[in-house]
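*Asks:* Pasting a structure below so you can have a look.
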Amino acid sequence: MMPRFTIERVRQQLDTSFPTATAAVKVLEDLGIVIEMTGQKKNRRYSYQGYVDLLSR
């Protein structure tokens, strides 16, 4: 998976429904693993910031 992604990309990669992909991303967000970057209700983009930070060193 890419360090920055959309729920649609997760849905496609996991070959699942949009609600299931949304729920999976929500769990990762609640755990602090990913962060939502846009502040929007639609077309949200997420980042696995720990990975991005590691690559930026």
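Simple scheme: letters A, B, ... for chains in structure tokens order, numbers from 1 for residues in each chain, numbers from 1 for ligands in the order shown.
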Which residues are near Val25 of chain A? Cut-off 9 Å, only C-alpha atoms, ignore same chain within fewer than 6 positions. Put them as a ChimeraX atom specification.
*Replies:* /A:7,10,34,46
*Asks:* The selected residues should be written to file as an mmCIF file, in the first residue's frame (atoms: N, CA, C and O atoms).
*Replies:*
```
data_model
loop_
_atom_site.group_PDB
_atom_site.id
_atom_site.type_symbol
_atom_site.label_atom_id
_atom_site.label_comp_id
_atom_site.auth_asym_id
_atom_site.auth_seq_id
_atom_site.Cartn_x
_atom_site.Cartn_y
_atom_site.Cartn_z
ATOM 1 N N ILE A 7 -9.779 6.168 0.488
ATOM 2 C CA ILE A 7 -10.582 4.991 0.834
ATOM 3 C C ILE A 7 -10.903 4.198 -0.423
ATOM 4 O O ILE A 7 -10.917 2.962 -0.400
ATOM 5 N N VAL A 10 -8.107 1.886 -1.090
ATOM 6 C CA VAL A 10 -8.168 0.757 -0.147
ATOM 7 C C VAL A 10 -9.240 -0.225 -0.602
ATOM 8 O O VAL A 10 -9.024 -1.435 -0.622
ATOM 9 N N VAL A 34 -2.793 6.053 10.933
ATOM 10 C CA VAL A 34 -2.916 6.934 9.779
ATOM 11 C C VAL A 34 -3.605 8.219 10.211
ATOM 12 O O VAL A 34 -4.312 8.248 11.226
ATOM 13 N N TYR A 46 -5.575 10.077 3.157
ATOM 14 C CA TYR A 46 -4.967 9.635 4.409
ATOM 15 C C TYR A 46 -3.477 9.452 4.210
ATOM 16 O O TYR A 46 -3.007 9.230 3.102
#
```
*Asks:* Please give the complete set of residues from chain A that DSSP, run on the backbone, assigns to alpha helix (DSSP H), formatted as a list in words.
*Replies:* Ile7, Glu8, Arg9, Val10, Arg11, Gln12, Gln13, Leu14, Phe18, Pro19, Thr20, Ala21, Thr22, Ala23, Ala24, Val25, Lys26, Val27, Leu28, Glu29, Asp30, Gln49, Gly50, Tyr51, Val52, Asp53, Leu54 and Leu55 of chain A
*Asks:* Atom CA of Gly32 of chain A and atom CA of Asp15 of chain A are how many Å apart?
*Replies:*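 It comes out at 24.1 Å.
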*Asks:* Near Thr38 of chain A, within 12 Å and counting only C-alpha atoms, which residues show up once chain neighbours fewer than 5 positions away are dropped, as an mmCIF file with N, CA and C atoms, in the first residue's frame?
*Replies:*
```cif
data_model
loop_
_atom_site.group_PDB
_atom_site.id
_atom_site.type_symbol
_atom_site.label_atom_id
_atom_site.label_comp_id
_atom_site.auth_asym_id
_atom_site.auth_seq_id
_atom_site.Cartn_x
_atom_site.Cartn_y
_atom_site.Cartn_z
ATOM 1 N N ARG A 4 0.367 7.297 1.196
ATOM 2 C CA ARG A 4 -0.758 8.232 1.116
ATOM 3 C C ARG A 4 -1.805 7.598 0.224
ATOM 4 N N PHE A 5 -3.061 7.643 0.650
ATOM 5 C CA PHE A 5 -4.092 6.881 -0.058
ATOM 6 C C PHE A 5 -5.476 7.449 0.196
ATOM 7 N N THR A 6 -6.430 6.964 -0.588
ATOM 8 C CA THR A 6 -7.843 7.279 -0.411
ATOM 9 C C THR A 6 -8.573 6.004 -0.009
ATOM 10 N N ASN A 43 -13.855 12.735 -0.584
ATOM 11 C CA ASN A 43 -12.540 12.698 -1.232
ATOM 12 C C ASN A 43 -11.397 12.892 -0.238
ATOM 13 N N ARG A 44 -11.539 12.280 0.912
ATOM 14 C CA ARG A 44 -10.498 12.390 1.937
ATOM 15 C C ARG A 44 -9.254 11.618 1.529
ATOM 16 N N ARG A 45 -8.117 12.145 1.913
ATOM 17 C CA ARG A 45 -6.836 11.482 1.689
ATOM 18 C C ARG A 45 -6.211 11.211 3.052
ATOM 19 N N TYR A 46 -5.575 10.077 3.157
ATOM 20 C CA TYR A 46 -4.967 9.635 4.409
ATOM 21 C C TYR A 46 -3.477 9.452 4.210
ATOM 22 N N SER A 47 -2.752 9.520 5.318
ATOM 23 C CA SER A 47 -1.310 9.348 5.275
ATOM 24 C C SER A 47 -0.870 8.430 6.414
#
```
*Asks:* Which residue gives the smallest distance to Leu28 of chain A among A:Tyr48, A:Arg9, A:Gln40, A:Arg57, with only C-alpha atoms counted?
*Replies:*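 Ranking A:Tyr48, A:Arg9, A:Gln40, A:Arg57 by distance to Leu28 of chain A, first place goes to A:Tyr48.
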*Asks:* In segment 6-53 of chain A, what's strand (DSSP E) per DSSP? Answer as a PDB file with all heavy atoms, in the first residue's frame?
*Replies:*
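Below you can see result-v3.pdb, which holds the result:
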```pdb
ATOM      1  N   THR A   6      -6.430   6.964  -0.588  1.00  0.00           N
ATOM      2  CA  THR A   6      -7.843   7.279  -0.411  1.00  0.00           C
ATOM      3  C   THR A   6      -8.573   6.004  -0.009  1.00  0.00           C
ATOM      4  O   THR A   6      -8.052   4.890  -0.190  1.00  0.00           O
ATOM      5  CB  THR A   6      -8.468   7.805  -1.715  1.00  0.00           C
ATOM      6  OG1 THR A   6      -8.391   6.771  -2.699  1.00  0.00           O
ATOM      7  CG2 THR A   6      -7.775   9.065  -2.211  1.00  0.00           C
ATOM      8  N   ILE A  35      -3.383   9.281   9.439  1.00  0.00           N
ATOM      9  CA  ILE A  35      -4.067  10.546   9.709  1.00  0.00           C
ATOM     10  C   ILE A  35      -4.785  10.991   8.436  1.00  0.00           C
ATOM     11  O   ILE A  35      -4.324  10.732   7.321  1.00  0.00           O
ATOM     12  CB  ILE A  35      -3.102  11.648  10.187  1.00  0.00           C
ATOM     13  CG1 ILE A  35      -2.002  11.908   9.162  1.00  0.00           C
ATOM     14  CG2 ILE A  35      -2.500  11.317  11.527  1.00  0.00           C
ATOM     15  CD1 ILE A  35      -1.175  13.144   9.439  1.00  0.00           C
ATOM     16  N   GLU A  36      -5.912  11.665   8.625  1.00  0.00           N
ATOM     17  CA  GLU A  36      -6.666  12.227   7.516  1.00  0.00           C
ATOM     18  C   GLU A  36      -6.052  13.585   7.205  1.00  0.00           C
ATOM     19  O   GLU A  36      -5.831  14.388   8.104  1.00  0.00           O
ATOM     20  CB  GLU A  36      -8.139  12.342   7.896  1.00  0.00           C
ATOM     21  CG  GLU A  36      -9.072  12.499   6.706  1.00  0.00           C
ATOM     22  CD  GLU A  36      -9.109  13.906   6.171  1.00  0.00           C
ATOM     23  OE1 GLU A  36      -9.128  14.858   6.975  1.00  0.00           O
ATOM     24  OE2 GLU A  36      -9.104  14.071   4.946  1.00  0.00           O
ATOM     25  N   ARG A  45      -8.117  12.145   1.913  1.00  0.00           N
ATOM     26  CA  ARG A  45      -6.836  11.482   1.689  1.00  0.00           C
ATOM     27  C   ARG A  45      -6.211  11.211   3.052  1.00  0.00           C
ATOM     28  O   ARG A  45      -6.293  12.035   3.951  1.00  0.00           O
ATOM     29  CB  ARG A  45      -5.921  12.347   0.842  1.00  0.00           C
ATOM     30  CG  ARG A  45      -6.486  12.576  -0.557  1.00  0.00           C
ATOM     31  CD  ARG A  45      -5.501  13.177  -1.503  1.00  0.00           C
ATOM     32  NE  ARG A  45      -4.274  12.405  -1.675  1.00  0.00           N
ATOM     33  CZ  ARG A  45      -4.131  11.323  -2.427  1.00  0.00           C
ATOM     34  NH1 ARG A  45      -5.140  10.854  -3.097  1.00  0.00           N
ATOM     35  NH2 ARG A  45      -2.973  10.705  -2.508  1.00  0.00           N
ATOM     36  N   TYR A  46      -5.575  10.077   3.157  1.00  0.00           N
ATOM     37  CA  TYR A  46      -4.967   9.635   4.409  1.00  0.00           C
ATOM     38  C   TYR A  46      -3.477   9.452   4.210  1.00  0.00           C
ATOM     39  O   TYR A  46      -3.007   9.230   3.102  1.00  0.00           O
ATOM     40  CB  TYR A  46      -5.598   8.314   4.858  1.00  0.00           C
ATOM     41  CG  TYR A  46      -7.044   8.465   5.234  1.00  0.00           C
ATOM     42  CD1 TYR A  46      -8.042   8.408   4.273  1.00  0.00           C
ATOM     43  CD2 TYR A  46      -7.419   8.697   6.545  1.00  0.00           C
ATOM     44  CE1 TYR A  46      -9.369   8.572   4.609  1.00  0.00           C
ATOM     45  CE2 TYR A  46      -8.747   8.866   6.892  1.00  0.00           C
ATOM     46  CZ  TYR A  46      -9.708   8.797   5.926  1.00  0.00           C
ATOM     47  OH  TYR A  46     -11.032   8.970   6.255  1.00  0.00           O
ATOM     48  N   SER A  47      -2.752   9.520   5.318  1.00  0.00           N
ATOM     49  CA  SER A  47      -1.310   9.348   5.275  1.00  0.00           C
ATOM     50  C   SER A  47      -0.870   8.430   6.414  1.00  0.00           C
ATOM     51  O   SER A  47      -1.331   8.566   7.545  1.00  0.00           O
ATOM     52  CB  SER A  47      -0.626  10.711   5.435  1.00  0.00           C
ATOM     53  OG  SER A  47       0.773  10.548   5.506  1.00  0.00           O
TER      54      SER A  47
END
```
*Asks:* To one decimal place, how far is atom CA of Thr20 of chain A from atom CA of Gln49 of chain A in Å?
*Replies:*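 Between atom CA of Thr20 of chain A and atom CA of Gln49 of chain A the gap is 22.2 Å.
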*Asks:* Rounded to one decimal in Å, what is the spacing between atom CA of Ala23 of chain A and atom CA of Met2 of chain A?
*Replies:*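 Answer for the atom CA of Ala23 of chain A to atom CA of Met2 of chain A separation: 18.2 Å.
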